[in-house]
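**Student:** Once you've had a glance at the structure underneath, I'll fire off some questions.
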Amino acid sequence: MKKTLLLAAGLVLASSASYAATWTGGDELPTNPLACDATPGTVSAKPYDGGVPTNPPDRKDKKITVVDIPKLIGIGYFNATSKGIADAAKELGNMDAKTDGPTKANIDEQITFIDNYVTSGVDGILFAANDPVAIAPVLKKALAAGINVVGYDANSTPDARQWFVNQAEFNGIGKAMIDSLAKEIGEDGSFAIVTSTFTTPNQARWIAEMGAYAEKCHPNLKWLETVEAQEDNVLSFNQATTLINKYGDQLKGIVGMTSVATPASAEAVTQAGQCGKVAVVGLATPNAMKPYVEKDCVKSVVLWNPVDLGYAAAYVLRAAADGTLKPGDTSVKAGKLGELQVVNGSEILLGAPFVFDKANIGQFDF
Amino acid sequence: MTLRSFLRHEAVLGLMLVIVLFLLAQQSDKFFTTANILNQGRLMTEVGLIALPMTFVIITGGIDLSVGSILGLCAILLGVFWHNLGLPLPVAMVLAIVVGGIAGLVNGLIITRFKVPPLIATLATLALYRGLAEGISQARSVRGYPDWFFVLGQGEVLGVPTQLWILVIFAIIAAAILGLTTFGRATYAVGANETAARFSGINVDRTKLLIYTGAGLISGLAAVIFVSRVSTTRSDMGTGVELDVITAVVLGGTSIFGGRGTIIGTAVGLILVQALKNGLALSGVKGDGTIVVIGLVLILAILATNLFSRNGDG
């Protein structure tokens, strides 16, 4: 499989060196690139496909108890979402929120936690699923007990929860990555991609969307190669170093597709003394990238803001409990974030991904 | 090493369980309800099942750290046999359990034939079986099992969760084997003094092989029930289960040095841990607090037993 892909990549490179029809590492699903300016994507109307709680009590404007059960507790990312939820609860005033969950990203433990909270009789459950299918039975049980259920970060099957707050759509990430890249290496620069593996679903989807968006909005960008690095620190560093040596001056940018590949690529560029000559753009958490951003070796890091993600999830849960967010609605008010769009039937889109740069990265700690 | 000292530990533990249940029932009115108790039975079945052969393993003075990984491997293979190879689901279920048995047999062979200490042998297979599970699954999960399959993990028989029946039946069988048969007495003999057991004509290696194979088989069965309960297979299933299992067994009074332990003790230990986890969560204690309490209870129980056994055995 891998060999075939490489062979195909070789053929594509040989036949049309400048025009890459599909980038290696992308998947074959249809792409939906966003507009080149800031116009939001068109929302295809899709009927509500979420679940409905059975006979919930009237919770409108009443104080509700909410428990947030992320994939695991004690890591920076979910500390940030939990902070967002606490912020929103404080602002709302009529919500008691607490975060509890397993210390390992373990689906069995997460199910047990949710099960116990369903028994203890909370009003609302917020979750980030360790597995979309495995978590479904216990969430359905919560819905059947009249509990409002809203997901964020990692979805369950749609009918097991009411709403899901989606941090970023694939085409949104594709646009943010390619726009940042074009800004840094110029409209006709050459670049390479470091990804996890060619078959990792999220990364493959992002690469496909990046390819489609680049073709549409930055057609002169030159894609050289995609390399696999398994989300392994050392391997990512080696692959990035190989790219720098292989392409020399031709290489203007490296795109990291994982939160491991991006800092490792930045380290490779730093050690090769190529800071300022080879740009690094990618998905990563701010803490891992702070040293490189502060040294001006990396200018932009793409990710969503997890504090906002938690904040939005808490507002969506409140709106669902109050009955102000009903199946069929097209938007929901989320405090300081304003009006958020409903997409894909029962998902709420957080907005465009967040680009961390030297000016704002110091404010984030995850 | 008398019947009296077993009873002493179980009496202490039973008393502890009663106190804990009473205190927890005071804390939350949701705790002592039929629905909650049956539901807890559902949640503890996998750990409970594996705790039965683990009691035998620890009585022989051994340990099996690989049970969680065997669970993961069998779960993945159930999905692979059924989904990728297209076998009928009942056949896939049996094959998955058989693979568990083979994995256990391999543990037993390494321990008896090559004289590797069980701790090291099963630490190695813990990594080996988990690695196989991850390699075979390629990080993909198998879903979409037919409805009848979920009866095992999500359904009920006569108002009681299906898997709780299985657990109770297996517990009775295990208690009978350990308490009433020559095999049970051989198990104690091996743990109490292996050399003496050999000289008294007990086939020590055969006893151990059977016990480790049994642990593998039951881990495979637990895997099938687990998959049915969560309706999907993943390669990380059962990570850390070995520690929950060993906690229940040791809390139940089985000596980690071998030669001592009962199935009833294990059952009480299991219920005590599950009641603490559930009851504390219901009374608003967070997950991290619960782990601390369980650790303290474990130390307390062992200390109490040591105190009693010292007095009793002189």
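Residue numbering restarts at 1 in every chain; chains get A, B, ... in the order shown in the structure tokens, and ligands count up from 1 in that same order.
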Using only C-alpha atoms, find each residue in chain B having at least one atom no more than 9 Å away from chain A; report its shortest atom-to-atom pair and that distance in Å (one decimal), rows by chain then rising number, as CSV.

**Tutor:**
residue,atom,partner,partner_atom,distance
B:Ser28,CA,A:Ser120,CA,8.1
B:Asp29,CA,A:Ser120,CA,8.8
B:Lys30,CA,A:Ser120,CA,6.2
B:Phe31,CA,A:Ser120,CA,8.2
B:Ala35,CA,A:Thr119,CA,8.8
B:Asn36,CA,A:Thr119,CA,6.9
B:Asn39,CA,A:Asp115,CA,8.7
B:Leu43,CA,A:Thr112,CA,7.2
B:Ala139,CA,A:Thr200,CA,8.9
B:Arg143,CA,A:Val133,CA,7.5
B:Gln154,CA,A:Pro137,CA,8.7
B:Val227,CA,A:Ala134,CA,8.7
B:Arg229,CA,A:Ala134,CA,8.3
B:Val230,CA,A:Ala134,CA,4.6
B:Ser231,CA,A:Ala134,CA,5.7
B:Thr232,CA,A:Ala134,CA,5.6
B:Thr233,CA,A:Ala134,CA,8.1
B:Arg234,CA,A:Asp131,CA,8.6
B:Asp236,CA,A:Asn106,CA,7.6
B:Met237,CA,A:Asp108,CA,7.4
B:Gly238,CA,A:Asp108,CA,7.7
B:Thr239,CA,A:Asn106,CA,7.6
B:Asn278,CA,A:Asn116,CA,6.4
B:Gly279,CA,A:Asn116,CA,8.7
B:Ala281,CA,A:Asn116,CA,6.5
B:Leu282,CA,A:Ser120,CA,5.3
B:Ser283,CA,A:Ser120,CA,8.0
B:Gly284,CA,A:Ser120,CA,8.6
B:Lys286,CA,A:Asp100,CA,6.0
B:Gly287,CA,A:Gly101,CA,6.3
B:Asp288,CA,A:Thr103,CA,7.9

**Student:** Would you give me, as a ChimeraX atom specification, the residues in range 141-231 of chain B that DSSP reads as strand (DSSP E)?

**Tutor:** /B:156-157,160-161

**Student:** Interatomic distance between CA of Val260 in chain A and CA of Asp232 in chain A?

**Tutor:** 6.7 Å

**Student:** What's the 6 Å shell around Met257 in chain A, counting only C-alpha atoms, without same-chain residues fewer than 4 positions away, as a list in words?

**Tutor:**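 Listed by chain and then number, they are Thr195, Gly282 and Leu283 of chain A.
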
**Student:** Limited to N, CA and C atoms, could you put the picked residues into a file as an mmCIF file, in the first residue's frame?

**Tutor:**
data_model
loop_
_atom_site.group_PDB
_atom_site.id
_atom_site.type_symbol
_atom_site.label_atom_id
_atom_site.label_comp_id
_atom_site.auth_asym_id
_atom_site.auth_seq_id
_atom_site.Cartn_x
_atom_site.Cartn_y
_atom_site.Cartn_z
ATOM 1 N N THR A 195 4.213 14.610 8.003
ATOM 2 C CA THR A 195 2.948 14.163 8.577
ATOM 3 C C THR A 195 3.174 12.952 9.470
ATOM 4 N N GLY A 282 2.715 25.087 11.163
ATOM 5 C CA GLY A 282 2.096 23.804 11.456
ATOM 6 C C GLY A 282 1.166 23.812 12.634
ATOM 7 N N LEU A 283 0.575 22.636 12.855
ATOM 8 C CA LEU A 283 -0.308 22.429 13.986
ATOM 9 C C LEU A 283 0.553 22.080 15.189
#

**Student:** Counting only C-alpha atoms, what is within 12 Å of Leu217 in chain B, bar same-chain residues fewer than 6 positions away, as a ChimeraX atom specification?

**Tutor:** /B:49-50,52-54,67,70-71,74,93-106,210-211,223-224

**Student:** From the options A:Tyr311, A:Phe170, A:Trp163, A:Phe237, which residue's atoms come nearest to Glu91 in chain A, counting only C-alpha atoms?

**Tutor:**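 Ranked by minimum distance to Glu91 in chain A, first place goes to A:Tyr311.
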
**Student:** Which polymer residues have any atom within 10 Å of an atom of Tyr48 in chain A, counting only C-alpha atoms, with same-chain residues fewer than 4 positions away left out, as number ranges by chain?

**Tutor:** A: 158-159, 162-163, 326-329, 342-347

**Student:** Which residues come within 7 Å of Lys222 in chain A, counting only C-alpha atoms, excluding same-chain residues fewer than 2 positions away, as a list in words?

**Tutor:**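 My reading of the contact set: Ser18, Asp188, Gly189, Ser190, Phe191, Asn220 and Leu224 of chain A.
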
**Student:** Take the residues from that selection and write them out as a PDB file, in the first residue's frame, keeping C-alpha atoms.

**Tutor:**
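For reference, again.pdb as written:
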ATOM      1  CA  SER A  18       5.039  21.714 -11.214  1.00  0.00           C
ATOM      2  CA  ASP A 188       5.896  30.959  -5.446  1.00  0.00           C
ATOM      3  CA  GLY A 189       7.905  29.325  -2.644  1.00  0.00           C
ATOM      4  CA  SER A 190       8.605  25.593  -2.404  1.00  0.00           C
ATOM      5  CA  PHE A 191       7.774  23.557   0.671  1.00  0.00           C
ATOM      6  CA  ASN A 220       2.092  28.996  -7.652  1.00  0.00           C
ATOM      7  CA  LEU A 224       7.927  19.141  -3.083  1.00  0.00           C
TER       8      LEU A 224
END

**Student:** Which of these residues is nearest to Ser228 in chain B, using only C-alpha atoms: B:Leu276, B:Leu89, B:Ala197, B:Ile271?

**Tutor:**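 Under the stated criterion, the closest residue is B:Leu89.
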